$ cat input16.txt   # compact mmCIF, C-alpha atoms
# COMPACT_ATOMS: atom_id res chain seq x y z
CA MET A 4 118.49 51.48 44.78
CA LYS A 5 120.06 48.42 46.35
CA VAL A 6 116.87 46.42 47.06
CA LEU A 7 115.76 46.84 43.44
CA ASN A 8 119.14 45.76 42.09
CA ASP A 9 119.24 42.81 44.46
CA ALA A 10 115.70 41.71 43.54
CA HIS A 11 116.51 41.91 39.82
CA ASN A 12 119.83 40.11 40.23
CA SER A 13 118.22 37.37 42.31
CA GLU A 14 115.52 36.81 39.71
CA TYR A 15 117.56 37.03 36.50
CA GLY A 16 121.15 36.44 37.57
CA THR A 17 122.35 39.82 36.38
CA LYS A 18 122.24 43.40 37.56
CA PRO A 19 119.89 45.78 35.73
CA LYS A 20 121.33 48.05 33.08
CA VAL A 21 118.75 50.78 33.72
CA ALA A 22 116.42 51.60 36.61
CA ALA A 23 113.69 54.25 36.82
CA ARG A 24 111.11 55.46 39.29
CA ALA A 25 107.74 57.17 38.97
CA PRO A 26 105.50 58.49 41.74
CA GLY A 27 102.04 57.45 42.77
CA ARG A 28 99.48 60.23 42.69
CA PHE A 29 95.98 61.27 43.55
CA HIS A 30 93.64 63.88 42.12
CA LEU A 31 92.38 66.54 44.49
CA ILE A 32 89.68 68.07 42.27
CA GLY A 33 88.47 67.63 38.70
CA GLU A 34 89.31 64.01 37.81
CA HIS A 35 85.81 63.57 36.35
CA SER A 36 86.10 66.66 34.14
CA TRP A 37 88.57 65.48 31.49
CA PHE A 38 85.88 64.64 28.89
CA PHE A 39 84.58 68.20 29.10
CA LYS A 40 88.04 69.68 28.48
CA ASP A 41 88.17 71.26 31.93
CA LYS A 42 91.01 71.10 34.46
CA THR A 43 92.31 68.62 37.04
CA LEU A 44 94.33 69.36 40.18
CA SER A 45 96.73 66.51 41.06
CA MET A 46 99.49 65.65 43.51
CA ALA A 47 102.33 63.24 42.79
CA VAL A 48 103.30 61.61 46.07
CA ASN A 49 106.19 59.73 47.64
CA ILE A 50 104.71 56.31 46.92
CA PRO A 51 107.15 55.32 44.17
CA VAL A 52 107.16 52.50 41.67
CA TYR A 53 110.59 51.27 40.54
CA ILE A 54 111.33 49.54 37.23
CA ALA A 55 114.59 47.77 36.41
CA ILE A 56 115.59 46.43 32.96
CA SER A 57 118.32 44.16 31.68
CA LYS A 58 118.98 42.69 28.25
CA ARG A 59 117.94 39.26 26.99
CA ASP A 60 119.44 37.36 24.08
CA ASP A 61 116.08 36.49 22.53
CA ASN A 62 112.92 38.35 21.48
CA SER A 63 111.02 37.73 24.71
CA ALA A 64 110.09 39.92 27.64
CA LYS A 65 109.90 38.60 31.18
CA PHE A 66 108.28 40.46 34.04
CA TYR A 67 108.76 40.01 37.77
CA PHE A 68 106.82 41.87 40.49
CA HIS A 69 108.89 41.54 43.64
CA GLN A 70 106.22 42.23 46.28
CA LEU A 71 103.68 39.95 44.61
CA ASN A 72 106.29 37.30 43.80
CA GLU A 73 104.60 36.97 40.40
CA ARG A 74 106.15 36.29 37.02
CA LYS A 75 104.77 36.89 33.52
CA LYS A 76 106.23 36.63 30.04
CA ALA A 77 105.49 37.71 26.47
CA SER A 78 106.94 37.69 22.98
CA LEU A 79 107.79 41.08 21.51
CA SER A 80 106.71 39.88 18.07
CA SER A 81 103.20 38.97 19.22
CA LEU A 82 102.27 41.12 22.18
CA LYS A 83 98.76 40.41 23.44
CA PHE A 84 96.61 41.73 26.21
CA LYS A 85 95.81 38.95 28.66
CA LYS A 86 93.43 39.57 31.52
CA GLU A 87 95.36 37.22 33.77
CA ASP A 88 98.56 39.22 33.25
CA ARG A 89 97.08 42.18 35.15
CA TRP A 90 100.01 44.45 36.17
CA ALA A 91 102.27 43.09 33.40
CA ASN A 92 99.82 44.37 30.78
CA ALA A 93 100.90 47.90 31.74
CA ILE A 94 104.51 47.19 30.73
CA LYS A 95 103.47 45.24 27.63
CA ALA A 96 101.35 48.22 26.60
CA VAL A 97 104.36 50.54 26.83
CA ILE A 98 106.47 48.12 24.80
CA TYR A 99 103.68 48.13 22.21
CA GLY A 100 103.64 51.93 22.33
CA PHE A 101 107.30 52.00 21.31
CA ILE A 102 107.11 49.26 18.67
CA SER A 103 103.96 50.71 17.06
CA GLY A 104 105.79 54.04 16.80
CA GLY A 105 108.60 52.52 14.76
CA TYR A 106 111.12 51.93 17.55
CA GLU A 107 113.11 48.69 17.39
CA LEU A 108 113.21 46.72 20.64
CA HIS A 109 114.79 43.40 21.57
CA GLY A 110 114.36 41.02 24.50
CA MET A 111 114.26 42.47 28.02
CA ASP A 112 113.86 41.37 31.63
CA PHE A 113 111.80 43.67 33.88
CA THR A 114 111.51 43.92 37.64
CA VAL A 115 108.73 45.90 39.29
CA TYR A 116 109.23 47.04 42.87
CA SER A 117 106.39 48.84 44.68
CA GLU A 118 105.35 48.84 48.33
CA ILE A 119 101.80 49.83 47.26
CA LEU A 120 100.04 47.40 44.93
CA PRO A 121 98.12 48.50 41.81
CA SER A 122 94.82 47.33 43.32
CA ALA A 123 95.01 50.18 45.86
CA GLY A 124 94.69 52.85 43.21
CA PHE A 125 96.79 55.95 43.90
CA GLY A 126 98.10 55.94 40.32
CA ILE A 127 100.32 52.88 40.72
CA THR A 128 99.45 51.40 37.31
CA THR A 129 100.18 54.74 35.63
CA ALA A 130 103.46 54.90 37.54
CA ILE A 131 104.40 51.44 36.19
CA LYS A 132 103.73 52.66 32.65
CA CYS A 133 105.59 55.96 33.02
CA ALA A 134 108.61 54.44 34.77
CA SER A 135 108.74 51.74 32.08
CA ALA A 136 108.57 54.35 29.31
CA ILE A 137 111.50 56.43 30.53
CA ALA A 138 113.46 53.29 31.47
CA ILE A 139 113.07 51.87 27.95
CA LYS A 140 114.03 55.24 26.46
CA GLU A 141 117.20 55.27 28.59
CA PHE A 142 117.93 51.59 27.96
CA TYR A 143 118.07 52.06 24.18
CA GLY A 144 119.28 55.65 24.15
CA PHE A 145 116.23 56.76 22.18
CA ASP A 146 116.04 60.49 21.46
CA CYS A 147 112.42 60.88 22.58
CA SER A 148 110.94 64.26 23.39
CA GLU A 149 108.34 64.74 26.11
CA GLN A 150 105.68 64.83 23.41
CA GLN A 151 106.88 61.56 21.91
CA ILE A 152 106.78 59.85 25.32
CA LEU A 153 103.20 61.09 25.73
CA GLN A 154 102.34 59.68 22.30
CA ILE A 155 103.85 56.32 23.28
CA LEU A 156 101.67 56.28 26.39
CA GLU A 157 98.61 57.25 24.39
CA ARG A 158 99.13 54.35 21.97
CA ALA A 159 99.72 52.07 24.95
CA ASN A 160 96.43 53.08 26.55
CA ARG A 161 94.12 53.49 23.58
CA ARG A 162 95.36 50.77 21.23
CA PHE A 163 96.76 48.06 23.47
CA LEU A 164 94.79 48.42 26.71
CA GLN A 165 91.66 49.75 24.97
CA THR A 166 91.18 52.34 27.71
CA ASN A 167 90.99 56.11 27.88
CA ASN A 168 94.24 58.04 27.90
CA TYR A 169 94.05 60.36 30.90
CA LEU A 170 96.38 63.32 30.44
CA SER A 171 96.24 64.29 34.11
CA ASP A 172 97.45 60.81 35.09
CA ASN A 173 100.38 60.94 32.66
CA TYR A 174 101.33 64.55 33.39
CA ALA A 175 101.30 64.03 37.17
CA ALA A 176 103.49 60.91 36.93
CA LEU A 177 105.96 62.40 34.46
CA PHE A 178 106.23 66.11 35.14
CA SER A 179 105.41 66.84 38.79
CA ARG A 180 107.68 68.93 40.99
CA LYS A 181 108.55 68.56 44.64
CA ASP A 182 106.35 70.68 46.95
CA ASN A 183 104.01 71.53 44.08
CA LEU A 184 100.65 70.40 42.81
CA LEU A 185 100.06 70.01 39.08
CA ILE A 186 97.13 71.42 37.12
CA THR A 187 96.20 69.75 33.84
CA ASP A 188 94.34 71.88 31.28
CA HIS A 189 92.58 69.27 29.16
CA ASN A 190 91.52 71.85 26.58
CA LYS A 191 95.02 73.14 25.89
CA MET A 192 96.67 69.77 26.67
CA THR A 193 99.17 71.52 28.94
CA TRP A 194 100.21 71.38 32.59
CA ASP A 195 101.08 74.02 35.16
CA TYR A 196 102.32 74.12 38.75
CA VAL A 197 101.09 75.68 41.96
CA PRO A 198 103.12 75.50 45.21
CA PHE A 199 101.83 73.59 48.22
CA SER A 200 103.19 75.69 51.08
CA PHE A 201 101.09 74.68 54.09
CA GLU A 202 103.99 73.61 56.30
CA ASP A 203 101.89 72.84 59.38
CA LYS A 204 99.66 70.37 57.52
CA LYS A 205 99.92 66.62 57.05
CA ILE A 206 98.50 64.83 54.00
CA PHE A 207 97.01 61.35 54.28
CA LEU A 208 95.78 58.94 51.62
CA ILE A 209 93.30 56.40 52.92
CA ASP A 210 92.17 53.24 51.17
CA THR A 211 89.03 52.34 53.12
CA LYS A 212 88.91 48.83 51.58
CA VAL A 213 85.17 49.31 51.01
CA PRO A 214 84.16 47.33 47.89
CA ARG A 215 83.80 49.48 44.79
CA ILE A 216 80.15 49.48 43.75
CA SER A 217 78.96 51.54 40.77
CA VAL A 218 75.45 52.88 41.21
CA TRP A 219 75.41 54.51 37.76
CA ASP A 220 77.51 54.33 34.62
CA GLU A 221 79.70 57.41 34.35
CA GLU A 222 80.16 56.80 30.62
CA THR A 223 76.51 57.77 30.06
CA LEU A 224 77.46 61.36 30.86
CA PHE A 225 80.25 61.47 28.30
CA GLU A 226 78.20 62.50 25.29
CA PRO A 227 79.18 65.17 22.72
CA GLN A 228 75.86 66.91 23.32
CA ASN A 229 76.79 67.45 26.96
CA VAL A 230 80.19 68.86 25.99
CA LEU A 231 78.46 71.37 23.72
CA LEU A 232 76.02 72.35 26.46
CA LEU A 233 78.79 73.10 28.93
CA GLY A 234 80.78 74.86 26.22
CA ASP A 235 77.89 77.27 25.74
CA LEU A 236 77.96 78.05 29.46
CA ARG A 237 81.56 79.24 29.43
CA GLU A 238 82.56 82.88 29.33
CA ARG A 239 85.96 84.32 28.53
CA ARG A 240 87.57 86.13 31.44
CA ASN A 241 91.08 87.49 31.06
CA ASN A 242 91.42 87.94 34.81
CA VAL A 243 90.65 84.26 35.53
CA TYR A 244 93.26 81.49 35.54
CA GLY A 245 93.00 79.65 32.22
CA GLY A 246 91.11 82.51 30.57
CA TRP A 247 87.52 81.38 31.20
CA GLN A 248 85.00 80.29 33.77
CA TYR A 249 81.44 79.00 33.81
CA ILE A 250 78.69 81.62 33.98
CA ASN A 251 76.82 82.01 37.25
CA ASN A 252 73.50 83.29 35.91
CA VAL A 253 71.02 80.71 37.24
CA THR A 254 68.36 81.56 34.65
CA ASP A 255 70.72 81.07 31.72
CA ILE A 256 72.09 77.84 33.22
CA ASN A 257 68.63 76.39 33.77
CA GLU A 258 67.56 77.31 30.24
CA GLU A 259 70.66 75.77 28.65
CA LEU A 260 70.35 72.53 30.62
CA SER A 261 66.59 72.19 30.24
CA VAL A 262 67.07 69.79 27.31
CA VAL A 263 68.58 67.03 29.48
CA SER A 264 67.11 64.86 32.21
CA GLU A 265 67.16 66.06 35.80
CA ASP A 266 69.77 63.44 36.68
CA THR A 267 72.09 64.53 33.85
CA ARG A 268 71.47 68.19 34.68
CA ARG A 269 72.57 67.65 38.26
CA LYS A 270 75.76 65.90 37.22
CA LEU A 271 76.62 68.56 34.63
CA LEU A 272 76.10 71.22 37.29
CA CYS A 273 78.56 69.25 39.40
CA ILE A 274 81.16 69.44 36.60
CA MET A 275 80.65 73.21 36.51
CA ARG A 276 81.06 73.45 40.28
CA GLU A 277 84.23 71.35 40.08
CA HIS A 278 85.86 73.88 37.78
CA ASN A 279 85.01 76.76 40.08
CA ASP A 280 86.24 74.76 43.10
CA LEU A 281 89.53 74.10 41.32
CA LEU A 282 89.99 77.80 40.57
CA ASP A 283 89.28 78.64 44.21
CA ALA A 284 91.65 75.93 45.42
CA ARG A 285 94.40 77.24 43.18
CA GLU A 286 93.88 80.77 44.45
CA GLY A 287 94.06 79.51 48.03
CA LEU A 288 97.32 77.74 47.24
CA GLU A 289 98.78 80.78 45.49
CA LYS A 290 97.92 83.07 48.41
CA VAL A 291 98.84 80.44 51.04
CA ASP A 292 95.27 80.78 52.32
CA PHE A 293 94.40 77.37 53.74
CA PHE A 294 90.86 78.41 54.66
CA LYS A 295 90.03 79.14 51.01
CA PHE A 296 91.78 76.02 49.78
CA ALA A 297 90.05 73.80 52.35
CA ARG A 298 86.62 75.25 51.65
CA SER A 299 86.99 74.42 47.96
CA VAL A 300 88.11 70.83 48.73
CA ASN A 301 85.24 70.24 51.16
CA HIS A 302 82.77 71.81 48.73
CA SER A 303 84.06 69.54 45.98
CA HIS A 304 83.41 66.47 48.12
CA GLU A 305 79.88 67.66 48.84
CA SER A 306 79.33 67.89 45.08
CA MET A 307 80.77 64.43 44.52
CA ARG A 308 78.52 63.05 47.25
CA ASP A 309 75.25 64.86 46.57
CA MET A 310 75.32 65.63 42.84
CA TYR A 311 77.73 63.21 41.17
CA GLU A 312 76.69 60.41 43.52
CA ILE A 313 79.97 58.52 43.78
CA SER A 314 80.67 58.58 47.50
CA CYS A 315 79.53 56.07 50.11
CA PRO A 316 78.53 56.21 53.82
CA GLU A 317 81.90 54.86 54.95
CA ILE A 318 83.91 57.56 53.17
CA ASP A 319 81.46 60.23 54.29
CA TRP A 320 81.83 59.02 57.90
CA ILE A 321 85.61 59.49 57.83
CA LEU A 322 85.39 62.90 56.19
CA LYS A 323 82.84 64.03 58.75
CA ARG A 324 85.32 63.09 61.47
CA VAL A 325 87.99 65.11 59.63
CA GLY A 326 85.72 68.13 59.85
CA GLU A 327 85.18 67.53 63.56
CA LEU A 328 88.88 67.58 64.46
CA GLU A 329 88.35 71.24 65.32
CA PRO A 330 85.18 71.51 67.47
CA ASN A 331 85.05 75.33 67.20
CA LEU A 332 81.95 76.12 65.15
CA GLU A 333 83.68 79.10 63.54
CA MET A 334 85.90 76.62 61.74
CA ILE A 335 82.98 75.58 59.53
CA THR A 336 83.60 78.69 57.45
CA ASN A 337 87.34 78.72 58.07
CA PRO A 338 88.23 75.01 58.20
CA VAL A 339 91.59 73.91 59.54
CA SER A 340 91.29 70.52 57.81
CA CYS A 341 89.74 69.19 54.63
CA GLY A 342 89.24 66.01 52.65
CA ARG A 343 87.54 64.46 49.68
CA ILE A 344 86.86 61.19 47.91
CA THR A 345 89.44 60.65 45.16
CA GLY A 346 89.58 58.48 42.06
CA LYS A 347 88.00 58.48 38.63
CA GLY A 348 85.73 55.54 39.37
CA PHE A 349 83.30 54.86 42.18
CA GLY A 350 86.26 54.51 44.46
CA ARG A 351 86.97 53.56 48.00
CA CYS A 352 89.79 56.04 48.56
CA LEU A 353 89.95 59.51 50.08
CA TYR A 354 92.50 62.07 51.13
CA ALA A 355 92.61 64.21 54.24
CA ILE A 356 94.77 67.28 54.93
CA ILE A 357 94.95 68.04 58.64
CA ARG A 358 96.98 69.89 61.26
CA GLU A 359 100.06 68.12 62.55
CA SER A 360 98.63 68.37 66.06
CA ASP A 361 95.53 66.39 65.00
CA VAL A 362 97.34 63.34 63.59
CA GLU A 363 96.88 61.06 66.59
CA LYS A 364 93.26 62.12 67.00
CA PHE A 365 92.65 61.36 63.31
CA LYS A 366 94.24 57.92 63.57
CA SER A 367 92.04 57.14 66.56
CA LYS A 368 89.03 57.93 64.39
CA LEU A 369 90.28 55.44 61.79
CA ALA A 370 90.51 52.82 64.54
CA GLU A 371 86.92 53.66 65.46
CA PHE A 372 85.98 53.29 61.79
CA GLU A 373 87.35 49.73 61.81
CA LYS A 374 85.24 48.77 64.81
CA ILE A 375 82.05 50.26 63.35
CA PHE A 376 82.29 49.18 59.71
CA GLN A 377 84.56 46.12 59.97
CA TYR A 378 86.83 47.31 57.15
CA HIS A 379 90.57 47.65 57.70
CA PRO A 380 91.75 50.84 55.98
CA GLU A 381 95.30 51.53 54.89
CA CYS A 382 96.54 55.01 55.70
CA CYS A 383 99.65 56.54 54.14
CA GLU A 384 101.18 59.89 55.00
CA VAL A 385 102.41 61.53 51.79
CA VAL A 386 104.11 64.67 50.50
CA PRO A 387 104.13 66.32 47.04
CA SER A 388 106.94 64.70 45.06
CA GLU A 389 108.94 64.76 41.84
CA GLY A 390 107.85 63.18 38.60
CA ALA A 391 109.47 60.18 36.92
CA SER A 392 113.25 59.96 36.70
CA ILE A 393 116.13 57.64 35.93
CA ILE A 394 117.88 56.27 39.01
CA LYS A 395 121.58 57.02 38.89
CA ASP A 396 124.15 54.81 40.60

$ encode --input "input16.txt" --output "structure tokens"
Amino acid sequence: MKVLNDAHNSEYGTKPKVAARAPGRFHLIGEHSWFFKDKTLSMAVNIPVYIAISKRDDNSAKFYFHQLNERKKASLSSLKFKKEDRWANAIKAVIYGFISGGYELHGMDFTVYSEILPSAGFGITTAIKCASAIAIKEFYGFDCSEQQILQILERANRRFLQTNNYLSDNYAALFSRKDNLLITDHNKMTWDYVPFSFEDKKIFLIDTKVPRISVWDEETLFEPQNVLLLGDLRERRNNVYGGWQYINNVTDINEELSVVSEDTRRKLLCIMREHNDLLDAREGLEKVDFFKFARSVNHSHESMRDMYEISCPEIDWILKRVGELEPNLEMITNPVSCGRITGKGFGRCLYAIIRESDVEKFKSKLAEFEKIFQYHPECCEVVPSEGASIIKD
């Protein structure tokens, strides 16, 4: 990639020895279900992050983010998390992941090149980490298996960054396939693929720029007791993808969840609905049945809005307009478009999947959104893309 090589050469006075890319991504359904060992449906997208590396003659690491025109530095012998280093902490964490695993590293210069900044979400920070991991592996010729790369990322996240290690984030960035979505099974710690074959549809990621405001602490739901409760509500089903599903007997569900508060009960029910929505979405994808897929996506957003309580009026306004792109009332049960809030936090982002013929109408609704709410959203058209890879000359 010429612009990456030129940026690195301009900054450090030498061409990079190794360059790698990793995709951005978003989660369609199930990003809040990881703690309960459920499943997540994700799409890696053509919003790439590029990492270039060259050798230094000392034991330092220097980091340059081209689009931000920012520079950071660190010593490999005393790596520390610094809040002010922001994006550079992601690369430092990966370096730590290698060193703490017994790998010997020496001084390196890094260049980050990304048209989408980490603050937008869309998996950019994870892409920085994953591209850095495979670039470092290639740079030193390390014989690292997929599992060892995942362990490096886990040490980077848990030990250095002191954050959760989200398998669905890592799997989507590393292992995705073109024209496919990726399903993470958090219980089995595996990933699987399902084709995205709706050729007449366009996929849009929208950052509404609405400030992120948490109205409740999601961590309060992540209690072992709640995991056990949901575990008791599972039933084995050999004819179901993944081998199990949640029971649908209302009496049994109400009895099992009677020991928690009404607020917790509602949110746990939402987790259960998410799993069923994911199974329905997968079936719609497998059968190339957009109506079924879209119903599950729209239903998932309703759950996120009404039960999990993470949406906001601005996002709901846009998604309502998505549903109105087809005025025919019959399309309520057989929708030709769909959308949902996306992101693990109380985010400001959403995705919409619409007919190609509705693109201009949809963009006019975004212009209307700007006038009404006075936020200036960024809208990116995306396609399902490959996972991380080394860039060959």

$ residues_around --input "input16.txt" --residues "Leu288 of chain A" --least-positions-apart "6" --cutoff "9 Å" --atoms "all atoms listed in the file" --output "PyMOL selection string"
chain A and resi 197-201+295-296

$ residues_near_point --input "input16.txt" --point "(100.2, 58.0, 21.1)" --cutoff "12 Å" --atoms "all atoms listed in the file" --output "PyMOL selection string"
chain A and resi 96-97+99-105+149-163+167-170+173

$ write_last_selection --input "input16.txt" --atoms "C-alpha atoms" --output "CSV table (one decimal), in the coordinates of the input"
chain,number,residue,atom,x,y,z
A,96,ALA,CA,101.4,48.2,26.6
A,97,VAL,CA,104.4,50.5,26.8
A,99,TYR,CA,103.7,48.1,22.2
A,100,GLY,CA,103.6,51.9,22.3
A,101,PHE,CA,107.3,52.0,21.3
A,102,ILE,CA,107.1,49.3,18.7
A,103,SER,CA,104.0,50.7,17.1
A,104,GLY,CA,105.8,54.0,16.8
A,105,GLY,CA,108.6,52.5,14.8
A,149,GLU,CA,108.3,64.7,26.1
A,150,GLN,CA,105.7,64.8,23.4
A,151,GLN,CA,106.9,61.6,21.9
A,152,ILE,CA,106.8,59.8,25.3
A,153,LEU,CA,103.2,61.1,25.7
A,154,GLN,CA,102.3,59.7,22.3
A,155,ILE,CA,103.8,56.3,23.3
A,156,LEU,CA,101.7,56.3,26.4
A,157,GLU,CA,98.6,57.2,24.4
A,158,ARG,CA,99.1,54.4,22.0
A,159,ALA,CA,99.7,52.1,25.0
A,160,ASN,CA,96.4,53.1,26.6
A,161,ARG,CA,94.1,53.5,23.6
A,162,ARG,CA,95.4,50.8,21.2
A,163,PHE,CA,96.8,48.1,23.5
A,167,ASN,CA,91.0,56.1,27.9
A,168,ASN,CA,94.2,58.0,27.9
A,169,TYR,CA,94.0,60.4,30.9
A,170,LEU,CA,96.4,63.3,30.4
A,173,ASN,CA,100.4,60.9,32.7

$ closest_residue --input "input16.txt" --among "A:Ile131, A:Ala355, A:Leu31, A:Ile313" --to "Ser117 of chain A" --atoms "only C-alpha atoms"
A:Ile131

$ closest_residue --input "input16.txt" --among "A:Asn183, A:Asn92, A:Ser81, A:Ser135" --to "Ala22 of chain A" --atoms "only C-alpha atoms"
A:Ser135

$ closest_residue --input "input16.txt" --among "A:Phe294, A:Trp37, A:Phe372, A:Trp320" --to "Phe225 of chain A" --atoms "only C-alpha atoms"
A:Trp37

$ closest_residue --input "input16.txt" --among "A:Pro227, A:Gly245, A:Pro51, A:Gly144" --to "Leu108 of chain A" --atoms "only C-alpha atoms"
A:Gly144

$ atom_distance --input "input16.txt" --atom1 "atom CA of Pro387 of chain A" --atom2 "atom CA of Glu202 of chain A"
11.8 Å

$ closest_residue --input "input16.txt" --among "A:Lys140, A:His189, A:His109, A:His11" --to "Asp60 of chain A" --atoms "only C-alpha atoms"
A:His109

$ residues_around --input "input16.txt" --residues "Gln228 of chain A" --least-positions-apart "6" --cutoff "12 Å" --atoms "all atoms listed in the file" --output "JSON, numbers by chain"
{"A": [38, 39, 234, 235, 259, 260, 262, 263, 267, 271]}

$ write_last_selection --input "input16.txt" --atoms "C-alpha atoms" --output "PDB file, keeping the file's coordinate frame"
ATOM      1  CA  PHE A  38      85.880  64.640  28.890  1.00  0.00           C
ATOM      2  CA  PHE A  39      84.580  68.200  29.100  1.00  0.00           C
ATOM      3  CA  GLY A 234      80.780  74.860  26.220  1.00  0.00           C
ATOM      4  CA  ASP A 235      77.890  77.270  25.740  1.00  0.00           C
ATOM      5  CA  GLU A 259      70.660  75.770  28.650  1.00  0.00           C
ATOM      6  CA  LEU A 260      70.350  72.530  30.620  1.00  0.00           C
ATOM      7  CA  VAL A 262      67.070  69.790  27.310  1.00  0.00           C
ATOM      8  CA  VAL A 263      68.580  67.030  29.480  1.00  0.00           C
ATOM      9  CA  THR A 267      72.090  64.530  33.850  1.00  0.00           C
ATOM     10  CA  LEU A 271      76.620  68.560  34.630  1.00  0.00           C
TER      11      LEU A 271
END

$ closest_residue --input "input16.txt" --among "A:Arg268, A:Arg324, A:Lys212, A:Arg239" --to "Tyr311 of chain A" --atoms "only C-alpha atoms"
A:Arg268

$ residues_around --input "input16.txt" --residues "Asp203 of chain A" --least-positions-apart "4" --cutoff "9 Å" --atoms "all atoms listed in the file" --output "JSON, numbers by chain"
{"A": [357, 358, 359, 360]}

$ residues_around --input "input16.txt" --residues "Val243 of chain A" --least-positions-apart "5" --cutoff "12 Å" --atoms "all atoms listed in the file" --output "JSON, numbers by chain"
{"A": [238, 248, 249, 278, 279, 281, 282, 283, 285, 286]}

$ build_atoms --input "input16.txt" --residues "segment 70-81 of chain A" --atoms "N, CA, C and O atoms" --output "mmCIF file, in the coordinates of the input"
data_model
loop_
_atom_site.group_PDB
_atom_site.id
_atom_site.type_symbol
_atom_site.label_atom_id
_atom_site.label_comp_id
_atom_site.auth_asym_id
_atom_site.auth_seq_id
_atom_site.Cartn_x
_atom_site.Cartn_y
_atom_site.Cartn_z
ATOM 1 N N GLN A 70 107.104 42.342 45.112
ATOM 2 C CA GLN A 70 106.220 42.230 46.280
ATOM 3 C C GLN A 70 105.149 41.159 46.095
ATOM 4 O O GLN A 70 104.722 40.531 47.071
ATOM 5 N N LEU A 71 104.690 40.970 44.880
ATOM 6 C CA LEU A 71 103.680 39.950 44.610
ATOM 7 C C LEU A 71 104.294 38.568 44.390
ATOM 8 O O LEU A 71 103.573 37.562 44.392
ATOM 9 N N ASN A 72 105.604 38.534 44.149
ATOM 10 C CA ASN A 72 106.290 37.300 43.800
ATOM 11 C C ASN A 72 105.617 36.624 42.605
ATOM 12 O O ASN A 72 105.412 35.415 42.580
ATOM 13 N N GLU A 73 105.268 37.455 41.610
ATOM 14 C CA GLU A 73 104.600 36.970 40.400
ATOM 15 C C GLU A 73 105.502 37.167 39.191
ATOM 16 O O GLU A 73 106.255 38.144 39.114
ATOM 17 N N ARG A 74 105.361 36.241 38.236
ATOM 18 C CA ARG A 74 106.150 36.290 37.020
ATOM 19 C C ARG A 74 105.249 36.144 35.804
ATOM 20 O O ARG A 74 104.352 35.293 35.799
ATOM 21 N N LYS A 75 105.509 36.951 34.777
ATOM 22 C CA LYS A 75 104.770 36.890 33.520
ATOM 23 C C LYS A 75 105.782 36.937 32.382
ATOM 24 O O LYS A 75 106.939 37.320 32.569
ATOM 25 N N LYS A 76 105.336 36.568 31.189
ATOM 26 C CA LYS A 76 106.230 36.630 30.040
ATOM 27 C C LYS A 76 105.435 36.917 28.779
ATOM 28 O O LYS A 76 104.215 36.721 28.725
ATOM 29 N N ALA A 77 106.139 37.384 27.739
ATOM 30 C CA ALA A 77 105.490 37.710 26.470
ATOM 31 C C ALA A 77 106.540 37.697 25.371
ATOM 32 O O ALA A 77 107.754 37.794 25.628
ATOM 33 N N SER A 78 106.065 37.586 24.148
ATOM 34 C CA SER A 78 106.940 37.690 22.980
ATOM 35 C C SER A 78 106.759 39.072 22.368
ATOM 36 O O SER A 78 105.634 39.538 22.171
ATOM 37 N N LEU A 79 107.871 39.733 22.086
ATOM 38 C CA LEU A 79 107.790 41.080 21.510
ATOM 39 C C LEU A 79 107.184 41.077 20.124
ATOM 40 O O LEU A 79 106.649 42.090 19.672
ATOM 41 N N SER A 80 107.263 39.949 19.431
ATOM 42 C CA SER A 80 106.710 39.880 18.070
ATOM 43 C C SER A 80 105.217 39.626 18.046
ATOM 44 O O SER A 80 104.576 39.783 17.007
ATOM 45 N N SER A 81 104.646 39.241 19.179
ATOM 46 C CA SER A 81 103.200 38.970 19.220
ATOM 47 C C SER A 81 102.627 39.362 20.576
ATOM 48 O O SER A 81 102.099 38.528 21.304
#
